[in-house]
Structure formats: structure tokens, C-alpha cells
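The file input_15.txt contains compact mmCIF, C-alpha atoms:
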```
# COMPACT_ATOMS: atom_id res chain seq x y z
CA MET A 1 -13.10 -9.45 -14.39
CA ALA A 2 -13.23 -6.05 -16.09
CA PRO A 3 -12.18 -6.04 -19.75
CA LEU A 4 -8.57 -5.32 -20.64
CA ALA A 5 -9.67 -2.37 -22.75
CA GLY A 6 -8.49 0.84 -21.15
CA ALA A 7 -4.99 -0.20 -20.22
CA ILE A 8 -4.35 -1.87 -23.54
CA VAL A 9 -5.70 0.92 -25.72
CA ALA A 10 -3.89 3.56 -23.74
CA GLY A 11 -0.67 1.57 -24.03
CA PHE A 12 -1.06 0.71 -27.70
CA THR A 13 2.36 0.73 -29.37
CA TRP A 14 1.75 2.51 -32.64
CA GLY A 15 5.01 1.25 -34.14
CA MET A 16 3.67 -2.30 -34.06
CA ILE A 17 1.16 -1.59 -36.84
CA THR A 18 3.49 0.32 -39.13
CA SER A 19 5.16 -1.31 -42.09
CA ALA A 20 8.50 -0.85 -40.33
CA SER A 21 7.59 -3.27 -37.57
CA PRO A 22 9.70 -6.46 -37.64
CA ASN A 23 7.15 -8.41 -35.63
CA LEU A 24 3.99 -7.99 -37.69
CA PRO A 25 4.03 -9.18 -41.31
CA SER A 26 1.02 -8.76 -43.59
CA ALA A 27 -1.98 -10.71 -42.34
CA SER A 28 -2.39 -12.46 -45.69
CA ALA A 29 -0.69 -11.99 -49.02
CA GLY A 30 -2.68 -9.82 -51.35
CA ALA A 31 -5.39 -9.11 -48.78
CA PRO A 32 -7.48 -6.10 -49.86
CA THR A 33 -7.71 -3.15 -47.57
CA SER A 34 -10.52 -0.75 -46.91
CA SER A 35 -10.97 2.36 -44.84
CA ALA A 36 -13.56 3.31 -42.26
CA PRO A 37 -13.76 7.12 -42.54
CA VAL A 38 -14.77 8.73 -39.29
CA ALA A 39 -14.26 12.03 -37.57
CA ALA A 40 -10.68 12.41 -36.37
CA PRO A 41 -10.14 14.01 -32.98
CA SER A 42 -6.66 14.47 -31.59
CA ALA A 43 -4.53 11.34 -31.50
CA THR A 44 -2.26 12.59 -28.71
CA ALA A 45 -3.40 9.76 -26.43
CA PHE A 46 -1.18 7.31 -28.34
CA PRO A 47 2.46 6.83 -27.36
CA LYS A 48 5.50 7.47 -29.52
CA PRO A 49 6.41 4.84 -32.11
CA THR A 50 8.36 1.84 -30.98
CA THR A 51 9.41 -1.40 -32.60
CA GLU A 52 10.78 -3.03 -29.47
CA ALA A 53 9.25 -6.33 -28.48
CA VAL A 54 7.40 -6.29 -25.18
CA ALA A 55 9.08 -8.12 -22.33
CA VAL A 56 7.29 -11.37 -21.58
CA PRO A 57 6.73 -12.27 -17.95
CA LYS A 58 5.08 -15.61 -17.42
CA VAL A 59 1.35 -15.14 -17.13
CA VAL A 60 0.19 -15.68 -13.56
CA ALA A 61 -3.36 -16.95 -13.28
CA GLU A 62 -5.66 -15.20 -10.85
CA GLU A 63 -6.74 -17.13 -7.81
CA ALA A 64 -9.76 -19.18 -8.81
CA PRO A 65 -12.33 -20.92 -6.64
CA ALA A 66 -11.86 -24.60 -5.93
CA PRO A 67 -13.01 -26.62 -8.96
CA PRO A 68 -15.98 -28.95 -8.64
CA GLU A 69 -15.33 -32.65 -8.22
CA ASN A 70 -16.06 -33.32 -11.89
CA ASP A 71 -13.80 -30.55 -13.18
CA ILE A 72 -11.94 -31.85 -16.24
CA ALA A 73 -9.53 -28.96 -16.73
CA ALA A 74 -6.73 -29.79 -14.30
CA ASP A 75 -4.58 -30.91 -17.22
CA VAL A 76 -2.08 -28.12 -17.79
CA VAL A 77 0.71 -29.36 -20.04
CA ASP A 78 3.23 -26.49 -20.08
CA ASP A 79 5.90 -28.53 -18.30
CA GLN A 80 6.00 -31.37 -20.79
CA ASP A 81 9.09 -31.73 -22.97
CA TRP A 82 8.29 -31.88 -26.69
CA GLY A 83 11.52 -32.46 -28.58
CA GLU A 84 9.84 -32.59 -31.98
CA PRO A 85 6.97 -30.53 -33.45
CA PHE A 86 3.66 -32.36 -33.75
CA VAL A 87 1.14 -31.83 -36.56
CA ASP A 88 -2.43 -32.97 -35.95
CA ASP A 89 -2.92 -35.77 -38.47
CA GLN A 90 -6.70 -35.74 -37.98
CA TRP A 91 -7.07 -32.17 -39.21
CA PRO A 92 -9.67 -32.09 -42.03
CA ILE A 93 -8.86 -31.31 -45.64
CA ASP A 94 -9.89 -27.77 -46.57
CA GLU A 95 -12.02 -28.23 -49.68
CA LYS A 96 -13.77 -24.85 -49.69
CA GLY A 97 -10.98 -22.46 -48.70
CA ASP A 98 -12.50 -21.73 -45.28
CA GLY A 99 -9.94 -23.47 -43.13
CA CYS A 100 -6.47 -23.07 -41.77
CA ALA A 101 -3.50 -25.32 -42.30
CA ALA A 102 -3.18 -28.10 -39.73
CA PRO A 103 -2.24 -26.86 -36.26
CA VAL A 104 1.36 -27.40 -35.22
CA TRP A 105 2.42 -28.01 -31.61
CA PRO A 106 6.01 -26.70 -31.78
CA ALA A 107 8.96 -28.32 -30.09
CA ALA A 108 9.70 -26.51 -26.82
CA ALA A 109 11.51 -27.05 -23.56
CA PRO A 110 9.57 -27.69 -20.34
CA GLY A 111 8.25 -24.47 -18.86
CA ALA A 112 8.06 -22.61 -22.19
CA PRO A 113 5.06 -20.22 -22.15
CA ARG A 114 2.72 -21.93 -24.57
CA VAL A 115 -0.53 -20.41 -25.82
CA LEU A 116 -3.33 -22.10 -27.76
CA LEU A 117 -5.41 -19.85 -30.02
CA ILE A 118 -8.78 -21.20 -31.18
CA GLY A 119 -11.03 -19.21 -33.46
CA ASP A 120 -12.86 -18.42 -36.66
CA SER A 121 -11.81 -16.62 -39.85
CA LEU A 122 -10.54 -13.62 -37.89
CA PHE A 123 -7.75 -15.84 -36.57
CA ARG A 124 -7.37 -17.54 -39.94
CA ASN A 125 -6.76 -14.26 -41.74
CA ALA A 126 -4.15 -13.11 -39.23
CA ARG A 127 -2.60 -16.45 -38.37
CA GLY A 128 0.91 -15.70 -39.67
CA MET A 129 0.91 -12.30 -38.01
CA LEU A 130 -0.22 -13.79 -34.69
CA GLU A 131 2.31 -16.62 -34.74
CA GLU A 132 5.25 -14.37 -35.60
CA SER A 133 4.38 -11.63 -33.12
CA LEU A 134 3.74 -14.06 -30.28
CA ALA A 135 6.99 -15.92 -31.02
CA ALA A 136 8.89 -12.60 -31.09
CA ASN A 137 7.55 -11.94 -27.59
CA GLY A 138 8.67 -15.30 -26.23
CA TRP A 139 5.46 -17.29 -26.58
CA VAL A 140 5.11 -20.73 -28.20
CA PRO A 141 1.82 -20.48 -30.13
CA THR A 142 -0.45 -23.11 -31.65
CA VAL A 143 -3.43 -21.97 -33.74
CA ARG A 144 -6.58 -23.99 -34.39
CA CYS A 145 -8.88 -22.01 -36.68
CA TRP A 146 -11.55 -22.43 -39.35
CA GLY A 147 -13.73 -19.88 -41.09
CA ALA A 148 -17.50 -19.63 -40.43
CA LYS A 149 -17.22 -21.64 -37.21
CA GLY A 150 -18.75 -20.99 -33.83
CA THR A 151 -18.10 -21.87 -30.23
CA ASP A 152 -19.54 -25.38 -30.61
CA TRP A 153 -16.72 -26.15 -33.06
CA GLY A 154 -14.28 -24.45 -30.69
CA VAL A 155 -15.28 -26.78 -27.85
CA GLY A 156 -14.47 -29.69 -30.14
CA GLN A 157 -11.00 -28.22 -30.64
CA VAL A 158 -10.51 -27.93 -26.89
CA GLU A 159 -11.36 -31.61 -26.53
CA ARG A 160 -9.02 -32.57 -29.37
CA ALA A 161 -6.20 -30.58 -27.78
CA ARG A 162 -6.92 -32.27 -24.44
CA GLU A 163 -6.84 -35.69 -26.13
CA LEU A 164 -3.40 -34.85 -27.58
CA GLU A 165 -2.19 -33.48 -24.21
CA GLN A 166 -1.80 -30.08 -25.89
CA LEU A 167 -4.04 -27.88 -23.75
CA PRO A 168 -1.78 -25.31 -22.06
CA SER A 169 -2.39 -22.88 -19.21
CA THR A 170 -3.18 -19.99 -21.59
CA VAL A 171 -5.92 -20.05 -24.25
CA VAL A 172 -7.08 -17.22 -26.53
CA LEU A 173 -10.51 -17.37 -28.21
CA SER A 174 -11.99 -15.63 -31.23
CA PHE A 175 -15.66 -16.59 -31.37
CA GLY A 176 -19.07 -14.96 -31.22
CA THR A 177 -19.75 -13.34 -34.59
CA ASN A 178 -20.92 -16.55 -36.28
CA ASP A 179 -22.66 -17.73 -33.10
CA ILE A 180 -24.99 -14.75 -32.78
CA TRP A 181 -25.23 -14.08 -36.53
CA TRP A 182 -26.31 -17.20 -38.36
CA LEU A 183 -25.63 -20.17 -36.07
CA GLY A 184 -28.29 -19.03 -33.61
CA ILE A 185 -26.18 -19.65 -30.50
CA PRO A 186 -26.80 -16.98 -27.82
CA MET A 187 -23.59 -15.41 -26.54
CA GLU A 188 -24.39 -16.43 -22.98
CA ASP A 189 -24.70 -20.07 -24.01
CA ALA A 190 -21.54 -19.87 -26.11
CA VAL A 191 -19.46 -18.61 -23.19
CA ASP A 192 -20.89 -21.10 -20.71
CA GLN A 193 -20.29 -23.97 -23.12
CA MET A 194 -16.68 -22.98 -23.70
CA MET A 195 -15.86 -22.29 -20.06
CA ALA A 196 -17.37 -25.62 -19.01
CA SER A 197 -14.95 -27.30 -21.40
CA LEU A 198 -11.89 -25.25 -20.42
CA GLY A 199 -12.53 -25.34 -16.67
CA THR A 200 -10.90 -23.22 -14.00
CA GLU A 201 -7.23 -24.20 -14.21
CA ARG A 202 -6.12 -21.93 -17.07
CA ASP A 203 -6.30 -18.30 -18.14
CA VAL A 204 -8.83 -17.79 -20.93
CA TYR A 205 -8.67 -14.63 -23.05
CA TRP A 206 -11.69 -13.88 -25.27
CA VAL A 207 -11.47 -11.15 -27.93
CA ASN A 208 -14.76 -9.28 -28.06
CA LEU A 209 -16.71 -8.43 -31.22
CA TRP A 210 -16.61 -5.52 -33.61
CA TYR A 211 -17.83 -5.32 -37.19
CA ASN A 212 -19.76 -3.05 -39.56
CA GLN A 213 -23.32 -4.00 -38.75
CA SER A 214 -24.66 -2.34 -41.91
CA ALA A 215 -22.55 -4.62 -44.14
CA TYR A 216 -25.10 -7.44 -43.94
CA ASP A 217 -28.82 -7.18 -43.24
CA ALA A 218 -28.80 -10.00 -40.70
CA LEU A 219 -25.81 -8.86 -38.63
CA PRO A 220 -26.94 -8.17 -35.05
CA ASP A 221 -25.63 -5.32 -32.92
CA PRO A 222 -22.40 -6.59 -31.31
CA GLY A 223 -22.94 -4.42 -28.22
CA PRO A 224 -25.25 -6.78 -26.27
CA ALA A 225 -22.96 -9.76 -26.97
CA ASN A 226 -19.98 -7.78 -25.68
CA ASP A 227 -21.94 -6.82 -22.56
CA ILE A 228 -22.71 -10.50 -21.93
CA LEU A 229 -19.04 -11.37 -22.38
CA GLU A 230 -18.04 -8.78 -19.77
CA ALA A 231 -20.69 -10.06 -17.36
CA LYS A 232 -19.42 -13.60 -17.84
CA ALA A 233 -15.88 -12.43 -17.06
CA ALA A 234 -17.18 -11.36 -13.66
CA GLU A 235 -18.73 -14.79 -13.22
CA TYR A 236 -15.63 -16.75 -14.28
CA PRO A 237 -12.49 -15.47 -12.49
CA ASN A 238 -10.16 -17.01 -15.10
CA LEU A 239 -11.94 -15.39 -18.08
CA HIS A 240 -10.42 -12.14 -19.38
CA VAL A 241 -11.99 -9.95 -22.08
CA ILE A 242 -9.71 -8.37 -24.69
CA ASP A 243 -11.61 -5.27 -25.74
CA PHE A 244 -10.96 -5.08 -29.47
CA SER A 245 -14.16 -3.08 -29.95
CA SER A 246 -12.89 -0.09 -27.97
CA ALA A 247 -9.38 -0.35 -29.42
CA PHE A 248 -10.73 -0.32 -32.99
CA GLN A 249 -13.06 2.61 -32.38
CA GLY A 250 -10.35 4.55 -30.59
CA LEU A 251 -7.95 4.36 -33.53
CA ALA A 252 -10.72 4.98 -36.06
CA SER A 253 -11.70 8.14 -34.20
CA ALA A 254 -8.06 9.25 -34.40
CA GLY A 255 -8.12 8.93 -38.18
CA VAL A 256 -6.19 5.66 -38.43
CA ASP A 257 -7.17 3.42 -41.36
CA VAL A 258 -8.59 0.54 -39.35
CA GLY A 259 -11.43 -1.07 -41.24
CA TRP A 260 -12.77 -4.15 -42.96
CA THR A 261 -12.51 -5.79 -46.35
CA ASP A 262 -16.20 -6.76 -46.31
CA GLY A 263 -17.67 -5.41 -43.07
CA VAL A 264 -16.63 -8.43 -40.99
CA HIS A 265 -13.09 -9.43 -42.01
CA LEU A 266 -10.42 -6.90 -41.10
CA ASN A 267 -7.97 -4.97 -43.24
CA ASP A 268 -4.25 -5.28 -42.52
CA THR A 269 -4.16 -2.33 -40.14
CA ALA A 270 -7.03 -3.67 -38.07
CA ASN A 271 -5.50 -7.16 -38.05
CA ALA A 272 -2.27 -5.62 -36.76
CA LEU A 273 -4.19 -3.80 -34.03
CA ARG A 274 -5.99 -6.97 -32.99
CA THR A 275 -2.71 -8.87 -32.91
CA GLU A 276 -1.07 -6.12 -30.89
CA ILE A 277 -3.71 -6.04 -28.15
CA ILE A 278 -3.76 -9.84 -27.92
CA VAL A 279 0.02 -9.93 -27.39
CA ALA A 280 -0.19 -7.02 -24.93
CA ALA A 281 -2.90 -8.81 -22.92
CA LEU A 282 -0.82 -11.98 -22.64
CA ASN A 283 2.29 -10.02 -21.71
CA ASN A 284 0.48 -7.95 -19.08
```

Taking this structure as input, can you express it in the form of C-alpha cells?
Amino acid sequence: MAPLAGAIVAGFTWGMITSASPNLPSASAGAPTSSAPVAAPSATAFPKPTTEAVAVPKVVAEEAPAPPENDIAADVVDDQDWGEPFVDDQWPIDEKGDGCAAPVWPAAAPGAPRVLLIGDSLFRNARGMLEESLAANGWVPTVRCWGAKGTDWGVGQVERARELEQLPSTVVLSFGTNDIWWLGIPMEDAVDQMMASLGTERDVYWVNLWYNQSAYDALPDPGPANDILEAKAAEYPNLHVIDFSSAFQGLASAGVDVGWTDGVHLNDTANALRTEIIVAALNN
């Protein structure tokens, strides 16, 4: 499937990343900000400010091919009734400051549109923003995140969620940077590994990569990894690419202060943008 870039960027609601927005708090208290100065062509492609929450239709999965006999993903749990929130009591203790707090599976009525977000430090640093914005748009989010992790760790989180019967019909992923940077996992292998675990019965949204390659000597060009992700979306009908790369560059070119704190981790404006396009993709 083609990436969700053009429609999302063109429909980006500028009011969602302003300080006046009720749905997007700061990504993390005291987080430093940085700018990414670039040439600034006209920004007339962006719509007028708005702070209205986007209406939330239930996501309808695309028709997928019949799963193989050994498919393990026909375990959608959206219709289960959870009267009390559940906290994963096997979540590890964060001794180095890399992790997130334990994931919470909120109480929700049967049929509530749940979404499971699994990712690295980019989800960790925007977790509060993601949870509040998704909840404001009618979603029931659960976040499993840990800094410096790759897709192999993410597959383990899928299996843990499946064990707890907490693997819903919509999953959002934030992986790839650590895989291709220092873990040595090719993007093609990372996607295949994750999709084999998630199967064909749910919509999978994968946020593509964008960072300042010059910030670290060993950082590879994110372009080839993003190309692989798009190719894999054509191979897996239930995989959808959220094109953060194009959204970031589009706003940067318009003179908006999207940037990083260290070349990889995002400033508040960029975290707000990433949150906005994730919510827009799920609502679409």
C-alpha cells in the first residue's frame, strides 16, 4: 500500500501543534528544543488553524488474502469487556532511564477502538502526548516502549500482548532507527519479522524514519530503509506506512521549528507533528 504521506501532510492541522491545542501537551517536561534552519518557501499549503478533535470512525481493515494454516494472528480482542485497567506486572524495572512506565490496558467497553503502540525512545519521549491525543479522538491506547530497542524487542512485546489477550485490531510501530544503526538488523528483515508475528488479521501502521544523519558518524541514510518499508507495504496488504519523513521535511521547508534535541530525538514541535499524523492516519 502506498504511504499515507501526501494526504496526511496536505491535511495537517496546524492548530494541533500550537501551544493553544488542548489535545497535545508537552512531550516531556523540561525537554530541550532545537531548530533545523532551512530555506522557507511559502507555507500556503497548510490549512487554517483548528483545535477541533478529528472525528473517529472505526478503522476498517483492507481486504487481506486468506491467512496460511499456521497463521497465529486471528486473535483480535477489541470486543472483550475489561471492567478494570490492567498493568503488566512483568514489565522490567527501568534502571538506566531508557524505559517507559509499565503499559496499562485501560478499562473499556466491548467494541471500543483500542490501539496498541509499540516502539523505541521516539514513542517514549512522546508517550503522554500520544495517549492524550488518541484518547481525545476516541481511541483507547496502550503504549509499550523502551529506548534503544529494535524490532526484535518489539516482536517480544507482540507476543506478551498476545499472551495477555491484549493484541487489538490496530497496532502502531515505531522501529527501524536502532535496527539499521547499531543493532545490525536490515530493514527488510525487521519488517518481515514483525509482520510474521502480527499476521494478517489487524491493521499495522509503521512510522517511517527521519533523523539528522550528520549528528552521528555511524547513522545510515534513512532513505533506503524508508524505500524498503514502502515496498513491504505493497507486499503486506494490512501494512500502512505513516510518512513522517515527508511531513517533517514539508514543515521544515515552510520555516516551522521542527527539529531534534540531539539529531535523533525530536523537539516538542516535531513530536507534536508525529503525534498528529499518527492520529490522522488512524482516523482516516

Show me as a PyMOL selection string the residues that reach within 10 Å of (-13.2, -28.2, -33.8), counting all atoms listed in the file and using the file's own coordinates. chain A and resi 91-92+118-119+144-146+149-161

Separation of CA of Trp210 in chain A from CA of Gly184 in chain A in Å: 17.9 Å

What does the distance from CA of Trp182 in chain A to CA of Gly97 in chain A come to in Å, to one decimal? 19.2 Å

Kindly provide the residues of range 159-204 of chain A that approach range 223-240 of chain A to within 7 Å, each paired with its closest atom pair and their distance in Å to one decimal, based on only C-alpha atoms, listed by chain and increasing number, as CSV.
```
residue,atom,partner,partner_atom,distance
A:Met187,CA,A:Ala225,CA,5.7
A:Glu188,CA,A:Ile228,CA,6.3
A:Thr200,CA,A:Asn238,CA,6.3
A:Arg202,CA,A:Asn238,CA,6.7
A:Asp203,CA,A:Asn238,CA,5.1
A:Val204,CA,A:Leu239,CA,4.9
```

Which residues are close to Thr170 in chain A, i.e. within 9 Å by all atoms listed in the file, leaving aside same-chain residues fewer than 4 positions away? Reply as number ranges by chain. A: 59, 61, 113-117, 202-205, 282

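CA of Asp98 in chain A sits 24.7 Å away from CA of Ile242 in chain A.
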
Closest atom pairs, range 107-162 of chain A residues within 12 Å of range 270-275 of chain A, all atoms listed in the file, as CSV:
```
residue,atom,partner,partner_atom,distance
A:Leu117,CA,A:Thr275,CA,11.7
A:Ser121,CA,A:Asn271,CA,11.5
A:Leu122,CA,A:Asn271,CA,8.2
A:Phe123,CA,A:Asn271,CA,9.1
A:Arg124,CA,A:Asn271,CA,10.7
A:Asn125,CA,A:Asn271,CA,8.1
A:Ala126,CA,A:Asn271,CA,6.2
A:Arg127,CA,A:Thr275,CA,9.3
A:Gly128,CA,A:Thr275,CA,10.3
A:Met129,CA,A:Thr275,CA,7.1
A:Leu130,CA,A:Thr275,CA,5.8
A:Glu131,CA,A:Thr275,CA,9.4
A:Glu132,CA,A:Thr275,CA,10.0
A:Ser133,CA,A:Thr275,CA,7.6
A:Leu134,CA,A:Thr275,CA,8.7
A:Asn137,CA,A:Thr275,CA,12.0
```

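Remark: for Gln90 in chain A, the closest of the candidate residues A:Ile180, A:Val143, A:Leu164, A:Ile277 is A:Leu164 (distances computed over only C-alpha atoms).
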
Would you list the residues near (-18.6, -11.9, -41.3) (no more than 7 Å away, in the coordinates of the file, using all atoms listed in the file) as a PyMOL selection string? chain A and resi 177+263-265

A:Ala247, A:Lys96, A:Arg162, A:Ala136 ranked by distance to Ala148 in chain A, top pick (using only C-alpha atoms): A:Lys96
